[in-house]
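Heads up: the structure comes next, in structure tokens.
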Amino acid sequence: MKQKNNGVVREVSNCRVCSSADLSVYLDLGMMPLANNLAATADDAKATNRYPMQVQYCHECWLSQLTIVIDPRELFSNYAYRSSISQAYVNHCRSMAKSLRDSLGLKGDDLVVDIAGNDGALLAVFKDELGVRVVNVDPAENLAEIATAAGVPTITRFWGSDAAAQVVAEYGKPKLITATNVFAHVDDVRSFVMAAKDCLSEDGALMLEFPYGVDFIEHREFDTVYFEHLSYVLLEPVRRLAVELGMAVFDVQKQEIHGGTIRVFIGKQGRHDVMPSVSEFIATEKREGYHDPDVYGDWNREIDALISDFVAEITTLKEGGAKIAAFAASAKGNTLLNACRFDENTVDYIVDDTPQKIGRFSPGTGIPIVDRTVLAEDPPDYLVILAWNFAKEIIASTAEFSADGGQYIIPIPAFKNIAPDGEA
Ligand SMILES: [Zn+2]
């Protein structure tokens, strides 16, 4: 691929699943910064490069996708953070392992491969719970070291036909390949799935887990749009992709994490019984209008209203003399704050728990990122919960703030104020 200026690798004028050129933009957040480009000063943060952030749907297969692809080297150059492993995540991995053992009959000698398995957390659980053999495929050298030290062998490559061939040569054919929160970040999804097909044992399964496109629309999760997140995925485009590559989706399960994800099982055609869940999900998508342009037009208007209402509410509070801060300098929060065109004059600071982010400035907005001590020493009147999927945990862990009269604001799916007595 030829690289253009400014880190944009290409413009997406054909659907990455079905190649159709019949694409319509339905979300336009304007020029936005890269979410992970934290800066050393407020001025640097505001002067950071910006790119058009737009989402379009495909009239043929209904995949939603960004209109541009940014060079991964640009995107991930500041991506040094190791995703902190919460107990909730380990529990999620454990229940996934048990569920996969039961549905796929995984046992002793079977091989499980995790694509972009990070520091090996998922596979470590698989190894413990199921006693299976495991291999992590992840390009990040520093994470590979952590994974290997934890007993999870790691091939340091991007997933593709070369990595697949190396897995087969060194470990044999896997019975299961997992890719959690990876598929939506992949540009060339056809090569990605083909490499899995070439690698899998005859009765093996590729399991993709990704944020579900229905939840994205239904719960107005427009803040999950960022440049790493190339696709917003319904089941229909995945079903179609699988069929085109000689495979079949044979099961789908809903998971209630990260604002709603689905787990999709793909195998070689004719090798698995197809569960009723597959046709049920497709039928529901159709019935609820997700294979129809109207839903996307309505959503466009809803999101415009959501943003302007949020800006109006915050501006009114600010004009009344209130001090406002936010919680969690995540990619999500970055999208919301930049879509609202806020800066440090509106939001004084963002509280975060990641040591590498403290003392830096949020890209685009220039808002300083601070640790929790600031929340106690210099408390705001209102704390905007940007990481709304962790609202409960954040409220529970900032009890002193609310005990002293601090109030919470949850922006999505609609502006909500939680007073100190817990009343909305
Ligand atoms: Zn398409």
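Ordering of the structure tokens sets the chain letters (A, B, ...), residue numbers begin anew at 1 in every chain, and ligands are numbered from 1 in the order given.
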
Can you build me a table of chain A residues sitting at most 8 Å from ligand 1, with the closest atom pair per residue and its distance in Å to one decimal, using only C-alpha atoms and all ligand atoms, sorted by chain and residue number, as a Markdown table?
```
| residue | atom | partner | partner_atom_place_in_ligand_line | distance |
| --- | --- | --- | --- | --- |
| A:Asn14 | CA | ligand 1 | 1 (Zn) | 7.7 |
| A:Cys15 | CA | ligand 1 | 1 (Zn) | 4.5 |
| A:Arg16 | CA | ligand 1 | 1 (Zn) | 6.6 |
| A:Val17 | CA | ligand 1 | 1 (Zn) | 5.1 |
| A:Cys18 | CA | ligand 1 | 1 (Zn) | 4.1 |
| A:Ser19 | CA | ligand 1 | 1 (Zn) | 6.0 |
| A:Ser20 | CA | ligand 1 | 1 (Zn) | 5.4 |
| A:Tyr57 | CA | ligand 1 | 1 (Zn) | 7.8 |
| A:Cys58 | CA | ligand 1 | 1 (Zn) | 4.6 |
| A:His59 | CA | ligand 1 | 1 (Zn) | 6.6 |
| A:Glu60 | CA | ligand 1 | 1 (Zn) | 4.9 |
| A:Cys61 | CA | ligand 1 | 1 (Zn) | 4.0 |
| A:Trp62 | CA | ligand 1 | 1 (Zn) | 5.8 |
| A:Leu63 | CA | ligand 1 | 1 (Zn) | 5.5 |
| A:Pro237 | CA | ligand 1 | 1 (Zn) | 6.6 |
```

Let's have the selection written as a short mmCIF file (atom, residue, chain, number, x, y, z; two decimals), in the first residue's frame, with C-alpha atoms.
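Okay, again_15.cif is ready:
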```cif
data_model
loop_
_atom_site.label_atom_id
_atom_site.label_comp_id
_atom_site.auth_asym_id
_atom_site.auth_seq_id
_atom_site.Cartn_x
_atom_site.Cartn_y
_atom_site.Cartn_z
CA ASN A 14 -15.11 0.27 -1.30
CA CYS A 15 -16.52 -1.87 1.50
CA ARG A 16 -13.80 -3.94 3.16
CA VAL A 17 -16.12 -6.96 3.35
CA CYS A 18 -18.06 -7.02 0.05
CA SER A 19 -16.13 -4.46 -2.10
CA SER A 20 -19.31 -2.50 -2.90
CA TYR A 57 -22.51 2.13 6.02
CA CYS A 58 -22.47 -0.29 3.09
CA HIS A 59 -25.76 -0.65 1.20
CA GLU A 60 -24.83 -4.22 0.21
CA CYS A 61 -23.71 -5.94 3.43
CA TRP A 62 -24.45 -3.23 6.07
CA LEU A 63 -20.93 -3.06 7.46
CA PRO A 237 -21.36 -8.72 6.96
#
```

**Prompt:** Looking only at the backbone, which of the residues in range 182-320 of chain A does DSSP tag as alpha helix (DSSP H), as a VMD selection string?
**Reply:** chain A and resid 189 to 199 213 to 218 235 to 244 276 to 287 293 to 319

Would you save the residues from that selection as a PDB file, in the first residue's frame, using C-alpha atoms?
```
ATOM      1  CA  VAL A 189     -10.517  -8.601   6.905  1.00  0.00           C
ATOM      2  CA  ARG A 190     -10.506 -11.079   4.006  1.00  0.00           C
ATOM      3  CA  SER A 191      -6.819 -11.939   4.465  1.00  0.00           C
ATOM      4  CA  PHE A 192      -7.352 -12.037   8.210  1.00  0.00           C
ATOM      5  CA  VAL A 193     -10.100 -14.673   7.994  1.00  0.00           C
ATOM      6  CA  MET A 194      -8.389 -16.596   5.141  1.00  0.00           C
ATOM      7  CA  ALA A 195      -5.234 -16.961   7.244  1.00  0.00           C
ATOM      8  CA  ALA A 196      -7.375 -18.470  10.011  1.00  0.00           C
ATOM      9  CA  LYS A 197      -9.021 -20.867   7.548  1.00  0.00           C
ATOM     10  CA  ASP A 198      -5.622 -22.056   6.254  1.00  0.00           C
ATOM     11  CA  CYS A 199      -4.429 -22.626   9.784  1.00  0.00           C
ATOM     12  CA  GLY A 213     -23.107  -2.872  15.709  1.00  0.00           C
ATOM     13  CA  VAL A 214     -26.665  -3.081  17.055  1.00  0.00           C
ATOM     14  CA  ASP A 215     -25.566  -1.836  20.488  1.00  0.00           C
ATOM     15  CA  PHE A 216     -23.485   0.861  18.830  1.00  0.00           C
ATOM     16  CA  ILE A 217     -26.633   2.281  17.233  1.00  0.00           C
ATOM     17  CA  GLU A 218     -29.203   1.394  19.886  1.00  0.00           C
ATOM     18  CA  LEU A 235     -23.583 -10.160  12.054  1.00  0.00           C
ATOM     19  CA  GLU A 236     -24.706  -9.900   8.414  1.00  0.00           C
ATOM     20  CA  PRO A 237     -21.356  -8.717   6.957  1.00  0.00           C
ATOM     21  CA  VAL A 238     -19.482 -11.394   8.923  1.00  0.00           C
ATOM     22  CA  ARG A 239     -21.889 -14.089   7.706  1.00  0.00           C
ATOM     23  CA  ARG A 240     -21.382 -12.891   4.168  1.00  0.00           C
ATOM     24  CA  LEU A 241     -17.596 -12.744   4.461  1.00  0.00           C
ATOM     25  CA  ALA A 242     -17.482 -16.283   5.851  1.00  0.00           C
ATOM     26  CA  VAL A 243     -19.608 -17.674   2.997  1.00  0.00           C
ATOM     27  CA  GLU A 244     -17.471 -15.957   0.361  1.00  0.00           C
ATOM     28  CA  PRO A 276     -30.539 -21.434  15.457  1.00  0.00           C
ATOM     29  CA  SER A 277     -28.837 -18.373  17.010  1.00  0.00           C
ATOM     30  CA  VAL A 278     -27.363 -17.477  13.602  1.00  0.00           C
ATOM     31  CA  SER A 279     -30.662 -17.081  11.762  1.00  0.00           C
ATOM     32  CA  GLU A 280     -32.225 -15.491  14.865  1.00  0.00           C
ATOM     33  CA  PHE A 281     -29.578 -12.740  15.005  1.00  0.00           C
ATOM     34  CA  ILE A 282     -29.870 -12.084  11.267  1.00  0.00           C
ATOM     35  CA  ALA A 283     -33.681 -11.990  11.465  1.00  0.00           C
ATOM     36  CA  THR A 284     -33.564  -9.541  14.397  1.00  0.00           C
ATOM     37  CA  GLU A 285     -31.110  -7.261  12.586  1.00  0.00           C
ATOM     38  CA  LYS A 286     -33.446  -7.218   9.603  1.00  0.00           C
ATOM     39  CA  ARG A 287     -36.649  -6.762  11.587  1.00  0.00           C
ATOM     40  CA  PRO A 293     -30.907   3.103   5.424  1.00  0.00           C
ATOM     41  CA  ASP A 294     -33.545   4.801   7.633  1.00  0.00           C
ATOM     42  CA  VAL A 295     -32.005   3.641  10.918  1.00  0.00           C
ATOM     43  CA  TYR A 296     -28.735   5.347  10.015  1.00  0.00           C
ATOM     44  CA  GLY A 297     -30.372   8.616   9.002  1.00  0.00           C
ATOM     45  CA  ASP A 298     -32.364   8.740  12.251  1.00  0.00           C
ATOM     46  CA  TRP A 299     -29.259   7.968  14.271  1.00  0.00           C
ATOM     47  CA  ASN A 300     -27.347  10.768  12.605  1.00  0.00           C
ATOM     48  CA  ARG A 301     -29.977  13.263  13.835  1.00  0.00           C
ATOM     49  CA  GLU A 302     -30.067  11.695  17.322  1.00  0.00           C
ATOM     50  CA  ILE A 303     -26.307  11.992  17.747  1.00  0.00           C
ATOM     51  CA  ASP A 304     -26.279  15.612  16.565  1.00  0.00           C
ATOM     52  CA  ALA A 305     -28.975  16.343  19.170  1.00  0.00           C
ATOM     53  CA  LEU A 306     -27.127  14.393  21.872  1.00  0.00           C
ATOM     54  CA  ILE A 307     -23.934  16.391  21.311  1.00  0.00           C
ATOM     55  CA  SER A 308     -25.635  19.781  21.167  1.00  0.00           C
ATOM     56  CA  ASP A 309     -27.748  18.996  24.282  1.00  0.00           C
ATOM     57  CA  PHE A 310     -24.644  17.886  26.151  1.00  0.00           C
ATOM     58  CA  VAL A 311     -22.733  21.025  25.175  1.00  0.00           C
ATOM     59  CA  ALA A 312     -25.718  23.180  26.204  1.00  0.00           C
ATOM     60  CA  GLU A 313     -26.064  21.473  29.621  1.00  0.00           C
ATOM     61  CA  ILE A 314     -22.353  21.776  30.388  1.00  0.00           C
ATOM     62  CA  THR A 315     -22.232  25.390  29.176  1.00  0.00           C
ATOM     63  CA  THR A 316     -25.171  26.297  31.422  1.00  0.00           C
ATOM     64  CA  LEU A 317     -23.488  24.704  34.449  1.00  0.00           C
ATOM     65  CA  LYS A 318     -20.249  26.469  33.626  1.00  0.00           C
ATOM     66  CA  GLU A 319     -21.978  29.851  33.278  1.00  0.00           C
TER      67      GLU A 319
END
```

**Message:** I need the strand (DSSP E or B) residues of range 306-422 of chain A per DSSP on the backbone, written as a PyMOL selection string.
**Reply:** chain A and resi 324-327+350-351+361+368-370+382-385+407-410+416-418

**Contacts of range 128-138 of chain A within 6 Å, only C-alpha atoms, excl. fewer than 2 positions in-chain, as a PyMOL selection string** = chain A and resi 108-117+125-126+140+153-157

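Our summary of the geometry notes that CA of Ala322 in chain A is positioned 25.7 Å from CA of Lys357 in chain A.
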
**Asked** Near Thr261 in chain A, counting only C-alpha atoms, which residues have an atom at most 7 Å away, once you skip same-chain residues fewer than 5 positions from it, shown as an MDAnalysis selection string?
**Response** chainID A and resid 209:212 254:256

Please produce a file of the residues just selected, as a compact mmCIF listing (two decimals), in the first residue's frame, where the atoms kept are C-alpha atoms.
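The result, stored in out.txt:
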```
# COMPACT_ATOMS: atom_id res chain seq x y z
CA GLU A 209 -15.52 -11.23 19.73
CA PHE A 210 -16.25 -7.60 18.89
CA PRO A 211 -18.52 -4.69 19.93
CA TYR A 212 -21.89 -5.35 18.34
CA LYS A 254 -24.33 -12.02 23.09
CA GLN A 255 -21.98 -10.78 25.84
CA GLU A 256 -22.81 -7.84 28.08
```

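Atom to atom, CA of Asp404 in chain A and CA of Ile418 in chain A stand 13.7 Å apart.
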